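See below for coords.txt, which holds compact mmCIF, C-alpha atoms and all ligand atoms.
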# COMPACT_ATOMS: atom_id res chain seq x y z
CA MET A 257 78.20 -60.92 38.63
CA ASP A 258 81.99 -61.19 39.06
CA SER A 259 83.95 -58.48 40.90
CA ASN A 260 85.30 -57.07 37.63
CA ASN A 261 81.85 -56.71 36.18
CA LEU A 262 83.07 -58.74 33.20
CA GLY A 263 80.42 -60.32 31.01
CA LEU A 264 77.53 -58.28 32.43
CA PRO A 265 74.30 -59.59 30.90
CA VAL A 266 72.98 -57.13 28.30
CA GLY A 267 69.43 -57.83 29.39
CA THR A 268 66.25 -58.93 27.63
CA THR A 269 65.63 -57.52 24.19
CA LEU A 270 62.13 -56.45 23.14
CA ASP A 271 62.09 -59.25 20.57
CA ARG A 272 62.94 -61.90 23.16
CA PHE A 273 60.40 -60.46 25.62
CA ILE A 274 57.64 -60.45 22.99
CA LYS A 275 58.48 -64.04 22.01
CA ARG A 276 58.48 -65.13 25.66
CA LYS A 277 55.14 -63.44 26.28
CA GLN A 278 53.71 -64.92 23.08
CA ASP A 279 54.62 -68.38 24.38
CA ASP A 280 52.37 -67.56 27.36
CA PHE A 281 49.41 -67.47 24.96
CA PRO A 282 48.95 -70.95 23.44
CA TYR A 283 46.71 -69.65 20.68
CA ALA A 284 48.89 -66.66 19.82
CA THR A 285 49.75 -66.84 16.15
CA GLY A 286 52.61 -64.36 16.30
CA GLU A 287 50.82 -61.72 14.25
CA LEU A 288 50.49 -59.27 17.15
CA SER A 289 54.10 -59.94 18.07
CA GLN A 290 55.16 -59.08 14.54
CA LEU A 291 53.02 -55.92 14.62
CA LEU A 292 54.79 -54.76 17.79
CA ARG A 293 58.15 -55.42 16.14
CA ASP A 294 57.07 -53.34 13.14
CA ILE A 295 56.18 -50.43 15.43
CA ALA A 296 59.50 -50.74 17.26
CA LEU A 297 61.36 -50.68 13.92
CA ALA A 298 59.61 -47.48 12.83
CA GLY A 299 60.36 -46.02 16.27
CA LYS A 300 64.08 -46.72 15.83
CA ILE A 301 64.06 -44.95 12.47
CA ILE A 302 62.13 -41.94 13.81
CA ASN A 303 64.45 -41.80 16.81
CA ARG A 304 67.42 -41.48 14.47
CA GLU A 305 65.71 -38.74 12.44
CA ILE A 306 64.59 -36.77 15.51
CA SER A 307 68.06 -36.89 17.08
CA ARG A 308 69.60 -35.47 13.90
CA SER A 309 66.73 -33.24 12.73
CA GLY A 310 68.78 -30.10 13.25
CA LEU A 311 71.53 -31.50 11.04
CA LEU A 312 69.28 -32.97 8.36
CA GLY A 313 67.23 -29.80 7.94
CA ILE A 314 64.03 -31.71 8.76
CA GLY A 315 63.05 -29.55 11.73
CA GLY A 316 60.47 -26.82 11.52
CA ALA A 317 57.11 -26.51 9.86
CA PHE A 318 56.10 -28.59 6.85
CA GLY A 319 53.99 -25.77 5.45
CA ALA A 320 50.58 -27.46 5.73
CA THR A 321 47.94 -28.06 8.36
CA ASN A 322 46.43 -31.39 9.35
CA VAL A 323 42.76 -32.27 9.64
CA GLN A 324 42.83 -30.77 13.13
CA GLY A 325 43.84 -27.41 11.66
CA GLU A 326 47.20 -27.74 13.42
CA GLU A 327 50.39 -26.68 11.64
CA GLN A 328 52.26 -29.84 10.63
CA GLN A 329 55.95 -30.09 11.40
CA LYS A 330 58.16 -31.84 8.84
CA LEU A 331 58.76 -34.64 11.33
CA ASP A 332 54.99 -35.10 11.80
CA VAL A 333 54.76 -35.99 8.12
CA ILE A 334 57.93 -38.09 8.17
CA ALA A 335 56.76 -40.04 11.23
CA ASP A 336 53.36 -40.65 9.63
CA ILE A 337 55.05 -41.98 6.48
CA ARG A 338 57.50 -44.17 8.46
CA PHE A 339 54.86 -45.82 10.67
CA THR A 340 52.42 -46.28 7.82
CA ARG A 341 55.13 -47.89 5.65
CA ALA A 342 56.35 -50.17 8.47
CA LEU A 343 52.83 -51.39 9.20
CA ARG A 344 51.98 -51.79 5.51
CA ASN A 345 55.15 -53.81 4.87
CA GLY A 346 54.61 -55.89 8.04
CA GLY A 347 51.33 -57.18 6.61
CA GLU A 348 49.51 -57.66 9.93
CA VAL A 349 47.59 -54.35 9.83
CA CYS A 350 44.78 -53.77 7.33
CA ALA A 351 43.96 -50.16 8.25
CA ILE A 352 45.28 -47.17 10.16
CA ILE A 353 43.78 -43.99 11.54
CA SER A 354 46.25 -41.23 12.23
CA GLU A 355 46.22 -37.71 13.63
CA GLU A 356 47.88 -36.67 10.37
CA GLU A 357 45.32 -38.29 8.05
CA GLU A 358 41.73 -37.09 7.60
CA LYS A 359 40.36 -40.47 6.56
CA ILE A 360 40.97 -44.16 7.31
CA ILE A 361 44.13 -45.40 5.57
CA ASP A 362 43.49 -48.76 3.89
CA LEU A 363 46.91 -50.45 3.76
CA GLY A 364 45.76 -53.01 1.20
CA ASN A 365 46.62 -55.85 3.59
CA HIS A 366 43.11 -57.29 3.45
CA SER A 367 44.31 -60.46 5.15
CA GLY A 368 45.54 -58.32 8.06
CA ARG A 369 43.67 -59.00 11.29
CA TYR A 370 44.51 -55.74 13.09
CA VAL A 371 43.86 -52.02 12.84
CA VAL A 372 46.06 -49.34 14.41
CA ALA A 373 45.15 -45.87 15.68
CA MET A 374 48.20 -43.66 16.07
CA ASP A 375 49.54 -40.23 16.78
CA PRO A 376 52.80 -40.60 14.88
CA LEU A 377 54.52 -37.71 16.64
CA ASP A 378 52.77 -36.03 19.56
CA GLY A 379 54.07 -32.72 20.86
CA SER A 380 55.93 -32.05 17.64
CA SER A 381 55.88 -28.28 18.20
CA ASN A 382 58.58 -29.07 20.79
CA ILE A 383 60.94 -30.66 18.26
CA ASP A 384 62.86 -27.50 17.44
CA VAL A 385 63.49 -26.69 21.10
CA ASN A 386 64.78 -30.16 21.97
CA VAL A 387 61.97 -31.10 24.31
CA SER A 388 60.84 -34.75 24.56
CA ILE A 389 58.14 -35.85 22.12
CA GLY A 390 56.37 -39.15 21.53
CA THR A 391 54.47 -41.63 19.38
CA ILE A 392 51.21 -43.08 20.69
CA PHE A 393 49.52 -46.21 19.31
CA SER A 394 46.45 -48.38 19.91
CA VAL A 395 45.85 -51.81 18.38
CA PHE A 396 42.43 -53.37 17.76
CA ARG A 397 41.33 -56.60 16.06
CA ARG A 398 39.42 -55.88 12.86
CA ILE A 399 35.70 -56.64 13.06
CA SER A 400 34.93 -57.04 9.35
CA PRO A 401 35.70 -60.42 7.73
CA VAL A 402 39.37 -60.97 6.87
CA GLY A 403 39.88 -60.52 3.14
CA GLY A 404 36.96 -58.13 2.77
CA PRO A 405 36.87 -54.32 2.64
CA ILE A 406 37.73 -52.19 5.66
CA THR A 407 34.76 -50.65 7.46
CA GLU A 408 34.45 -47.68 9.83
CA GLU A 409 33.30 -50.23 12.44
CA ASP A 410 36.82 -51.72 12.30
CA VAL A 411 38.42 -48.50 13.52
CA LEU A 412 35.72 -46.90 15.66
CA GLN A 413 35.94 -49.30 18.60
CA LYS A 414 35.71 -48.53 22.31
CA GLY A 415 38.96 -48.40 24.24
CA THR A 416 37.99 -51.57 26.11
CA GLU A 417 38.47 -53.45 22.82
CA GLN A 418 42.17 -52.63 22.49
CA VAL A 419 44.43 -55.69 22.29
CA ALA A 420 47.59 -53.62 22.74
CA ALA A 421 48.62 -50.00 23.31
CA GLY A 422 51.85 -48.16 23.84
CA TYR A 423 53.99 -45.14 23.33
CA ILE A 424 57.54 -44.36 22.29
CA LEU A 425 59.11 -41.49 24.21
CA TYR A 426 61.96 -39.73 22.39
CA GLY A 427 63.56 -38.14 25.40
CA SER A 428 66.86 -38.11 27.32
CA SER A 429 66.68 -41.77 26.40
CA THR A 430 64.24 -43.31 23.95
CA MET A 431 61.78 -45.72 25.53
CA LEU A 432 59.02 -47.96 24.28
CA VAL A 433 56.29 -48.66 26.86
CA TYR A 434 53.41 -51.01 26.02
CA THR A 435 50.73 -53.31 27.33
CA THR A 436 48.78 -56.22 25.84
CA GLY A 437 46.48 -56.31 28.84
CA HIS A 438 48.87 -58.23 31.08
CA GLY A 439 50.75 -55.43 32.80
CA VAL A 440 52.95 -52.62 31.50
CA ASN A 441 56.60 -52.99 30.53
CA GLY A 442 59.16 -50.41 29.45
CA PHE A 443 62.13 -50.86 27.13
CA THR A 444 65.07 -48.50 26.74
CA TYR A 445 66.70 -48.12 23.33
CA GLU A 446 70.44 -48.80 23.01
CA PRO A 447 71.39 -47.05 19.72
CA SER A 448 74.83 -48.68 19.55
CA LEU A 449 73.13 -52.09 19.33
CA GLY A 450 69.93 -50.95 17.63
CA GLU A 451 67.86 -52.78 20.24
CA PHE A 452 65.25 -51.97 22.88
CA PHE A 453 66.14 -53.64 26.22
CA LEU A 454 63.74 -54.35 29.08
CA SER A 455 64.42 -51.64 31.67
CA HIS A 456 61.10 -51.08 33.50
CA GLN A 457 59.35 -54.42 34.21
CA ASN A 458 55.74 -54.49 35.44
CA ILE A 459 55.35 -50.73 35.81
CA THR A 460 52.83 -49.75 38.48
CA THR A 461 51.88 -46.14 39.09
CA PRO A 462 51.71 -44.71 42.66
CA LYS A 463 48.16 -44.62 44.03
CA ASP A 464 48.64 -40.96 44.97
CA GLY A 465 50.99 -38.20 43.92
CA LYS A 466 52.14 -34.61 44.32
CA ILE A 467 52.50 -33.56 40.68
CA PHE A 468 49.76 -31.86 38.65
CA SER A 469 50.07 -31.23 34.92
CA ILE A 470 47.73 -28.72 33.30
CA ASN A 471 48.18 -25.66 31.08
CA GLU A 472 47.42 -22.88 33.55
CA GLY A 473 47.70 -20.40 30.69
CA SER A 474 44.11 -21.42 29.94
CA TRP A 475 42.98 -20.60 33.51
CA ASP A 476 40.36 -18.07 32.36
CA LEU A 477 38.89 -20.68 29.99
CA PHE A 478 38.49 -23.41 32.63
CA ASP A 479 35.28 -24.32 34.42
CA GLN A 480 35.24 -23.35 38.09
CA PRO A 481 35.73 -26.91 39.50
CA ILE A 482 38.99 -27.24 37.51
CA ARG A 483 40.23 -23.96 38.94
CA ASP A 484 39.20 -25.08 42.42
CA TYR A 485 41.05 -28.39 42.04
CA VAL A 486 44.22 -26.69 40.76
CA GLN A 487 44.00 -24.19 43.61
CA GLU A 488 43.82 -27.08 46.10
CA CYS A 489 46.91 -28.68 44.52
CA LYS A 490 48.76 -25.42 45.06
CA GLU A 491 47.60 -25.15 48.66
CA CYS A 492 48.98 -28.66 49.17
CA GLN A 493 52.31 -27.41 47.75
CA PHE A 494 52.14 -29.97 44.93
CA SER A 495 54.52 -29.45 41.98
CA GLY A 496 53.18 -28.06 38.73
CA ARG A 497 54.88 -29.86 35.81
CA TYR A 498 53.65 -29.29 32.22
CA ILE A 499 55.96 -29.41 29.22
CA GLY A 500 53.41 -29.47 26.44
CA SER A 501 54.22 -33.03 25.36
CA LEU A 502 51.51 -35.41 26.53
CA VAL A 503 53.70 -38.53 26.33
CA ALA A 504 56.48 -36.93 28.41
CA ASP A 505 54.09 -35.53 31.03
CA PHE A 506 52.22 -38.85 31.17
CA HIS A 507 55.38 -40.95 31.47
CA ARG A 508 56.79 -38.86 34.33
CA ASN A 509 53.51 -39.04 36.23
CA LEU A 510 53.20 -42.78 35.52
CA LEU A 511 56.53 -43.44 37.24
CA LYS A 512 56.42 -40.79 39.99
CA GLY A 513 52.69 -40.39 40.62
CA GLY A 514 50.65 -37.42 39.51
CA ILE A 515 47.74 -36.24 37.40
CA TYR A 516 47.59 -34.82 33.87
CA ILE A 517 44.47 -32.84 33.02
CA TYR A 518 43.38 -31.48 29.66
CA PRO A 519 39.83 -30.37 30.53
CA ARG A 520 37.03 -29.01 28.40
CA SER A 521 37.12 -25.22 28.21
CA THR A 522 35.32 -22.34 26.53
CA LYS A 523 37.96 -22.57 23.74
CA SER A 524 37.89 -26.39 23.52
CA PRO A 525 34.36 -27.44 24.59
CA LYS A 526 35.26 -31.15 24.21
CA GLY A 527 38.87 -30.79 25.30
CA LYS A 528 41.80 -30.91 22.85
CA LEU A 529 43.10 -34.47 23.00
CA ARG A 530 41.82 -37.15 20.64
CA LEU A 531 40.08 -40.26 21.95
CA MET A 532 41.13 -42.79 19.33
CA TYR A 533 44.89 -42.22 19.11
CA GLU A 534 45.89 -40.36 22.25
CA CYS A 535 43.53 -40.95 25.18
CA ASN A 536 42.52 -44.60 24.64
CA ALA A 537 46.10 -45.87 24.48
CA LEU A 538 47.26 -44.00 27.59
CA ALA A 539 44.08 -44.96 29.43
CA PHE A 540 44.71 -48.66 28.71
CA ILE A 541 48.30 -48.33 29.90
CA VAL A 542 47.51 -46.38 33.04
CA GLU A 543 44.73 -48.78 34.09
CA GLN A 544 47.08 -51.72 33.54
CA ALA A 545 49.56 -49.92 35.81
CA GLY A 546 46.91 -49.41 38.51
CA GLY A 547 46.00 -45.85 37.58
CA MET A 548 42.84 -44.17 36.32
CA ALA A 549 41.73 -42.29 33.21
CA THR A 550 38.39 -40.51 32.79
CA ASP A 551 36.81 -37.68 30.86
CA GLY A 552 35.84 -36.15 34.19
CA HIS A 553 32.77 -38.34 34.52
CA ARG A 554 33.45 -41.87 33.17
CA ARG A 555 36.28 -44.19 32.14
CA ILE A 556 37.97 -43.10 28.92
CA LEU A 557 37.89 -46.75 27.81
CA GLU A 558 34.09 -46.74 28.00
CA VAL A 559 33.62 -43.67 25.80
CA GLU A 560 31.72 -44.69 22.67
CA PRO A 561 33.57 -43.34 19.60
CA THR A 562 31.44 -41.60 16.97
CA GLU A 563 34.09 -40.04 14.73
CA LEU A 564 37.74 -40.67 13.87
CA HIS A 565 39.15 -37.46 15.37
CA GLN A 566 36.78 -37.17 18.30
CA ARG A 567 38.09 -35.07 21.18
CA VAL A 568 37.52 -35.81 24.88
CA PRO A 569 38.57 -34.14 28.14
CA LEU A 570 41.31 -36.15 29.87
CA PHE A 571 42.00 -36.69 33.58
CA ILE A 572 44.71 -39.36 33.87
CA GLY A 573 47.20 -40.63 36.44
CA SER A 574 47.25 -41.67 40.10
CA PRO A 575 43.77 -42.89 41.03
CA LYS A 576 43.47 -40.87 44.24
CA MET A 577 44.28 -37.65 42.35
CA VAL A 578 41.90 -38.42 39.47
CA GLU A 579 39.14 -39.32 41.94
CA LYS A 580 39.74 -36.05 43.81
CA ALA A 581 39.53 -33.99 40.63
CA MET A 582 36.33 -35.80 39.62
CA GLU A 583 34.89 -35.08 43.07
CA PHE A 584 35.29 -31.36 42.37
CA VAL A 585 33.54 -31.78 39.00
CA ARG A 586 30.75 -33.88 40.54
CA ASN A 587 30.14 -31.54 43.48
CA ASP A 588 29.97 -28.58 41.11
CA ALA A 589 27.34 -30.36 39.02
CA ILE A 590 25.34 -31.19 42.17
CA SER A 591 25.44 -27.62 43.45
CA LYS A 592 24.42 -26.31 40.02
CA GLY A 593 21.56 -28.80 40.00
CA LYS A 594 20.38 -27.60 43.41
CA LYS A 595 20.54 -23.94 42.32
CA THR A 596 18.47 -24.78 39.23
CA GLN A 597 15.89 -26.58 41.42
CA MET A 598 15.67 -23.58 43.75
CA LYS A 599 15.18 -21.22 40.79
CA THR A 600 12.38 -23.32 39.32
CA ALA A 601 10.77 -24.04 42.74
P1 LIG A 701 48.31 -26.87 24.95
C1 LIG A 701 50.56 -31.40 21.84
O1 LIG A 701 49.98 -30.61 20.80
C2 LIG A 701 49.41 -31.95 22.66
O2 LIG A 701 48.59 -32.73 21.85
C3 LIG A 701 49.94 -32.72 23.86
O3 LIG A 701 51.11 -33.39 23.57
C4 LIG A 701 50.14 -31.64 24.91
O4 LIG A 701 50.03 -32.12 26.23
C5 LIG A 701 49.02 -30.66 24.59
O5 LIG A 701 48.67 -30.85 23.21
C6 LIG A 701 49.45 -29.22 24.78
O6 LIG A 701 48.35 -28.40 24.45
O7 LIG A 701 46.95 -26.37 24.55
O8 LIG A 701 48.49 -26.90 26.46
O9 LIG A 701 49.47 -26.20 24.25

Can I see the file as C-alpha cells?
Ligand code: P6P
Amino acid sequence: MDSNNLGLPVGTTLDRFIKRKQDDFPYATGELSQLLRDIALAGKIINREISRSGLLGIGGAFGATNVQGEEQQKLDVIADIRFTRALRNGGEVCAIISEEEEKIIDLGNHSGRYVVAMDPLDGSSNIDVNVSIGTIFSVFRRISPVGGPITEEDVLQKGTEQVAAGYILYGSSTMLVYTTGHGVNGFTYEPSLGEFFLSHQNITTPKDGKIFSINEGSWDLFDQPIRDYVQECKECQFSGRYIGSLVADFHRNLLKGGIYIYPRSTKSPKGKLRLMYECNALAFIVEQAGGMATDGHRRILEVEPTELHQRVPLFIGSPKMVEKAMEFVRNDAISKGKKTQMKTA
C-alpha cells in the first residue's frame, strides 16, 4: 500500500469468494454457488427495504398471524416473498420451508437439487424500533429423485445433512455470514457498490466467554437449573446482553464469546425457537467456528425432525459456557433421579 493510500484494494467480493471456493471442489457444478448468490441478491433487496421502511410505510404489523400464531410484520411478508421469488427464479431450489408458511412451498423447479429452510426475517418485532434483525437459512440436498414430486423427506432432514447455512444481519452494517462445512466467513455489504465484501475470514468463536443472553423476564417460568446457571453467571460478573433478535445476539457472541439460551419453560415446554430454520443453521455455523449448540442434552444437529415448525430449546455459543450450562441441567436430572429412587425405596 503506497503512503497516500491510493488504489487501496476493494477486497474480495462474495461472488469471487464463492467462485474461488467452488474451484476447490472439483465436482462442484456451480448450483450451490448460484443458490448462495440468489440468497445474497434477496438480502440486498431486503436490506434496502428495511433501511427505508419508515419512509416507505412498510413498517408495522401486516394484520395477520403466521402459523406460529405470531403477529406478522409487513416486512416479514415482504422478506418471505423476496426470498421465495429469488430462489424460484434462480432455479436451483425445488422447495422451501419458511417460518411464514404453514406448508412446504413447492417452487416448481423440479430439476432443482436443493431445498431451503428459512426464517426470512427473524426478530421482526424490532423493526419499528431500529434494532438489528436478520435472515436465517439452511440448505439441504433433496432426497427424492430430481424431476419428481417434492416429499416431506426432502425437507425434514437432520441438521447434520445441511450442505450450507448462513444468516444475513441487518445491523449497523449489513453482513452475510455462511458456511458450507469448510469454516465460517463473513461479508460486509457496501451499498454504494451493491456488493458484499469479505470482511471476517475464517471466523472462530472464543472457547469461553463472559456474555450470557437469555430473557430474564421469563425467570419464573424457567426450570431451576437454568436459574442456577444464570445466577452463577451473575456471581461471575458476566454481562447480560439480550436484544430480542436471535441473529444479532448470536453474531455478537460468535465474535466476542458468550452463550445464548432459549430454554424450555412452563410457557414454552419445547422452547420457542424452531429447529429447521433457526437452530439448525446457527448450530452448523457455530460448530464450524469451534463452538457448541445443544438442546440442553444433545447436539442440535442430531435432533431428528418430526414436523416442519418443530421447536427445540437452544443453548449455543462458546463451548465452555454451553458445557457449563448443560452440567447444571445434567446435575439437576441426576439429583431428581436420586430423590425419586429414595421415595420409591
Ligand atoms: P422472547 C424473535 O421473535 C425470536 O425468534 C428471536 O429472534 C429472539 O431471540 C426471541 O424470539 C425473543 O423471544 O420470548 O425473549 O421475546

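Closest approach to Glu355 (chain A) among A:Ser380, A:Thr416, A:Gln290, A:Asn386 is made by A:Ser380 (distances from only C-alpha atoms).
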
| query | Which residues, written as a ChimeraX atom specification, have at least one atom at most 10 Å from Gly346 (chain A), with only C-alpha atoms counted and residues fewer than 6 positions away on the same chain left out? | reply | /A:287,290-295,340,365,368

| note | In Å and to one decimal, CA of Leu557 (chain A) is distant from CA of Gly573 (chain A) by 14.1 Å

With ligand LIG 701 (chain A) as the partner and 9 Å as the cut-off, tabulate the residues of chain A that qualify, each row holding the nearest pair of atoms and their distance in Å to one decimal, using only C-alpha atoms and all ligand atoms, sorted by chain and rising number, as a Markdown table.
| residue | atom | partner | partner_atom | distance |
| --- | --- | --- | --- | --- |
| A:Glu326 | CA | A:LIG701 | O1 | 8.4 |
| A:Leu377 | CA | A:LIG701 | O3 | 8.8 |
| A:Asp378 | CA | A:LIG701 | O3 | 5.1 |
| A:Gly379 | CA | A:LIG701 | C1 | 3.9 |
| A:Ser380 | CA | A:LIG701 | C1 | 6.8 |
| A:Ser381 | CA | A:LIG701 | O1 | 6.9 |
| A:Asn382 | CA | A:LIG701 | C1 | 8.4 |
| A:Ile389 | CA | A:LIG701 | O3 | 7.6 |
| A:Gly390 | CA | A:LIG701 | O3 | 8.1 |
| A:Ser469 | CA | A:LIG701 | O4 | 8.7 |
| A:Ile470 | CA | A:LIG701 | O8 | 7.1 |
| A:Asn471 | CA | A:LIG701 | O8 | 4.8 |
| A:Glu472 | CA | A:LIG701 | O8 | 8.2 |
| A:Gly473 | CA | A:LIG701 | O8 | 7.8 |
| A:Ser474 | CA | A:LIG701 | O8 | 7.8 |
| A:Tyr498 | CA | A:LIG701 | O4 | 7.5 |
| A:Ile499 | CA | A:LIG701 | O4 | 7.2 |
| A:Gly500 | CA | A:LIG701 | C4 | 4.2 |
| A:Ser501 | CA | A:LIG701 | O3 | 3.6 |
| A:Leu502 | CA | A:LIG701 | O3 | 3.6 |
| A:Val503 | CA | A:LIG701 | O3 | 6.4 |
| A:Ala504 | CA | A:LIG701 | O3 | 8.0 |
| A:Asp505 | CA | A:LIG701 | O4 | 7.2 |
| A:Phe506 | CA | A:LIG701 | O4 | 8.6 |
| A:Tyr516 | CA | A:LIG701 | O4 | 8.5 |
| A:Ile517 | CA | A:LIG701 | O4 | 8.8 |
| A:Tyr518 | CA | A:LIG701 | O4 | 7.5 |
| A:Lys528 | CA | A:LIG701 | O5 | 6.9 |
| A:Leu529 | CA | A:LIG701 | O2 | 5.9 |
| A:Arg530 | CA | A:LIG701 | O2 | 8.2 |
| A:Glu534 | CA | A:LIG701 | O2 | 8.1 |

| From the list A:Gly513, A:Gly313, A:Pro569, A:Gly427, which residue is nearest Gly546 (chain A) when using only C-alpha atoms? |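 So, comparing all the options, the nearest one is A:Gly513.
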
| query | Which neighbours of region 438-454 of chain A fall inside 12 Å, counting only C-alpha atoms, when residues of the same chain fewer than 6 positions from it are skipped, and could you give them as number ranges by chain? | reply | A: 265-274, 277-278, 280-281, 292-293, 295-301, 303-304, 307, 419-432, 460-461, 507, 510-511, 537-547

| task | Go ahead and compute the interatomic distance for CA of Gln566 (chain A) and CA of Met532 (chain A), in Å to one decimal. | result |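 Computed distance, CA of Gln566 (chain A) to CA of Met532 (chain A), equals 7.2 Å.
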
| Between A:Phe478, A:Phe494, A:Phe393, A:Phe318, which one has atoms that come closest to Pro519 (chain A), using only C-alpha atoms? | A:Phe478

| field | Å distance separating CA of Ile406 (chain A) from CA of Leu331 (chain A), one decimal place | value | 28.0 Å

| message | List as a list in words the residues having at least one atom at most 7 Å from position (40.9, -46.4, 8.7) as given in the file, counting all atoms listed in the file. | response | Ala351, Ile352, Ile353, Lys359, Ile360, Ile361, Asp362, Glu408 and Val411 of chain A

Residues of the last selection are to be written out with C-alpha atoms, as an mmCIF file, in the frame of the given file.
data_model
loop_
_atom_site.group_PDB
_atom_site.id
_atom_site.type_symbol
_atom_site.label_atom_id
_atom_site.label_comp_id
_atom_site.auth_asym_id
_atom_site.auth_seq_id
_atom_site.Cartn_x
_atom_site.Cartn_y
_atom_site.Cartn_z
ATOM 1 C CA ALA A 351 43.960 -50.160 8.250
ATOM 2 C CA ILE A 352 45.280 -47.170 10.160
ATOM 3 C CA ILE A 353 43.780 -43.990 11.540
ATOM 4 C CA LYS A 359 40.360 -40.470 6.560
ATOM 5 C CA ILE A 360 40.970 -44.160 7.310
ATOM 6 C CA ILE A 361 44.130 -45.400 5.570
ATOM 7 C CA ASP A 362 43.490 -48.760 3.890
ATOM 8 C CA GLU A 408 34.450 -47.680 9.830
ATOM 9 C CA VAL A 411 38.420 -48.500 13.520
#

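Nearest residue to Met548 (chain A), choosing from A:Glu356, A:Asp479, A:Glu417, A:Asp464 and counting only C-alpha atoms: A:Asp464.
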
| said: Between A:Lys526, A:Lys576, A:His553, A:Arg567, which residue has the minimum interatomic distance to Gly465 (chain A), considering all atoms listed in the file? | reply: A:Lys576

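For region 580-594 of chain A, the residues within 10 Å (counting all atoms listed in the file, excluding itself and residues fewer than 5 positions away along the chain) are Asp479, Gln480, Pro481, Ile482, Arg483, Asp484, Tyr485, Val486, Glu488, Cys489, Ile515, Ile517, Thr550, Asp551, Gly552, His553, Arg554, Phe571, Pro575, Lys599 and Thr600 of chain A.
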
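In terms of minimum interatomic distance to Ile383 (chain A), A:Ser309 ranks closest within A:Asn322, A:Ser309, A:Ser455, A:Ser400, counting all atoms listed in the file.
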
Box in all listed atoms of region 326-344 of chain A, axis-aligned, with 3 Å more on each side; write out centre and edge lengths in Å to one decimal as AutoDock Vina command-line options.
--center_x 53.0 --center_y -39.2 --center_z 9.5 --size_x 17.6 --size_y 31.1 --size_z 13.9

Contacts of Gly403 (chain A) at 12 Å (all atoms listed in the file; same-chain gap of 3+ positions) as a PDB file with C-alpha atoms, in the coordinates of the input:
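Okay, this is what ended up in out.pdb:
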ATOM      1  CA  VAL A 349      47.590 -54.350   9.830  1.00  0.00           C
ATOM      2  CA  CYS A 350      44.780 -53.770   7.330  1.00  0.00           C
ATOM      3  CA  GLY A 364      45.760 -53.010   1.200  1.00  0.00           C
ATOM      4  CA  ASN A 365      46.620 -55.850   3.590  1.00  0.00           C
ATOM      5  CA  HIS A 366      43.110 -57.290   3.450  1.00  0.00           C
ATOM      6  CA  SER A 367      44.310 -60.460   5.150  1.00  0.00           C
ATOM      7  CA  GLY A 368      45.540 -58.320   8.060  1.00  0.00           C
ATOM      8  CA  ARG A 369      43.670 -59.000  11.290  1.00  0.00           C
ATOM      9  CA  TYR A 370      44.510 -55.740  13.090  1.00  0.00           C
ATOM     10  CA  ARG A 398      39.420 -55.880  12.860  1.00  0.00           C
ATOM     11  CA  ILE A 399      35.700 -56.640  13.060  1.00  0.00           C
ATOM     12  CA  SER A 400      34.930 -57.040   9.350  1.00  0.00           C
ATOM     13  CA  ILE A 406      37.730 -52.190   5.660  1.00  0.00           C
ATOM     14  CA  THR A 407      34.760 -50.650   7.460  1.00  0.00           C
TER      15      THR A 407
END
